[in-house]
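These notes are about the structure you will find just below.
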Amino acid sequence: MEPSVKNTERHSLARNIATVLSRTVRYNLKIIFANKFIYFLGSALLVFVGITLINLFSANSMPSEGTVYNLLLVPGILLVFYPITFGIQNDVDSRMIEILFGIPNYRYKVWLVRLIIIFSMSFFILMILSALSSFVLAIVPVMEMTVQIMFPIVFLGCAAFMVSTIVKNGSGSAVVMIIFGMFFWLARDFFQAHRKWDIFLNPFILPDNINEAAWSEIVFNNRVYLIAGIVVCVLAALLNLQKREKFLQ
């Protein structure tokens with residue numbers, strides 16, 4: 001086969017792959033960001049603006065990197081909350097779940113692509129908010145800040161995905177995740193002595209009784225545990241998606 005023919009076939013294959021990926025991403029974006037997502041996005045931005053203004057006009061406020069991390073945590077959770085917790089229910093309501101289960105293993109690919117899209121969009125938005133915070137509050141390493149904030153957000157998102165495959169109802173999944181999050185938030189005093197297990201650990205606030213080397217090890221272990229939790233949640237959710245009869249009723 002002539003080189004020109006091979007190059008033409010490669011270009012054709014590349015165009016076909018690009019077209020399929022483009023259409024897949026656009027279709028899933030329509031599903032992910034449909035219905036009530038705009039309200040959660042608006043709420044995330046309002047929370048960000050509100051807390052930023054409070055820090056700006058508070059006489060006793062001394063914003064730092066740790067302040068910016070805590071500031072971005074709530075908007076980040078809000079960005080992934082709706083599309084993940086209500087994703088299964090939206091598929092059921094639109095009868096899309098029947099199509100997903102009609103094609104072997106297709107549902108796994110669809111939901112993994114959706115998770116990647118949701119977390120990628122959240123990362124992009126949080127990077128913008130981090131840059132704004134660095135401009136108006138305190139100078140922060142934007143990329144490092146965004147990467148660090150994504151650890152608890154991705155973990156909570158994957159946990160919500162797992163819960164949604166068990167509860168199979170958006171409102172029920174939301175209630176379970178709110179209780180889960182409140183438990184960890186209210187138990188922060190307990191995690192003061194077990195910081196490596198704290199999903200809301202702020203790596204930019206160095207405790208007074210810990211040196212930098214020990215703190216770096218605690219943060220590293222915490223991130224490793226979160227990654228392990230992410231993997232377990234995703235695998236458990238995909239395993240739950242094998243139970244076809246529980247979704248098609």
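Labels used: A, B, ... for chains in the order of the structure tokens, numbers from 1 for residues in each chain, and numbers from 1 for ligands as shown.
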Contacts of Ile118 (chain A) at 8 Å (only C-alpha atoms; same-chain gap of 3+ positions) as a PyMOL selection string: chain A and resi 32+80+83+114-115+121-122
Test item, helix (DSSP H, G or I) assignment across region 49-249 of chain A, answer as a ChimeraX atom specification: /A:49-57,65-85,87-93,96-102,106-136,142-167,170-186,188-191,195-197,212-240,244-247
Distance of CA of Asp198 (chain A) from CA of Tyr69 (chain A), expressed in Å to one decimal place: 14.7 Å
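For the choices A:Leu126, A:Ala44, A:Leu79, A:Ile227, the atom-to-atom distance to Ile199 (chain A) is smallest for A:Ile227 when using only C-alpha atoms.
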Residue nearest Ser134 (chain A) among A:Val231, A:Gly66, A:Gly50, A:Ser216 (counting only C-alpha atoms): A:Gly66
All residues 9 Å or closer to Thr67 (chain A), only C-alpha atoms, same chain fewer than 5 positions away omitted, as an MDAnalysis selection string: chainID A and resid 62 72 137:138 204:205
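Here CA of Val224 (chain A) is placed at a distance of 13.8 Å from CA of Phe200 (chain A).
Among the candidates A:Met162, A:Ile116, A:Gly170, A:Ala213, the one nearest to Asn240 (chain A) when counting only C-alpha atoms is A:Met162.
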Within 12 Å of region 178-188 of chain A using only C-alpha atoms, minus same-chain residues under 4 positions, as JSON, numbers by chain: {"A": [74, 77, 78, 81, 85, 152, 153, 155, 156, 157, 159, 160, 163, 171, 172, 173, 174, 192, 193, 194, 195, 196, 197, 198, 199, 200, 201, 202]}
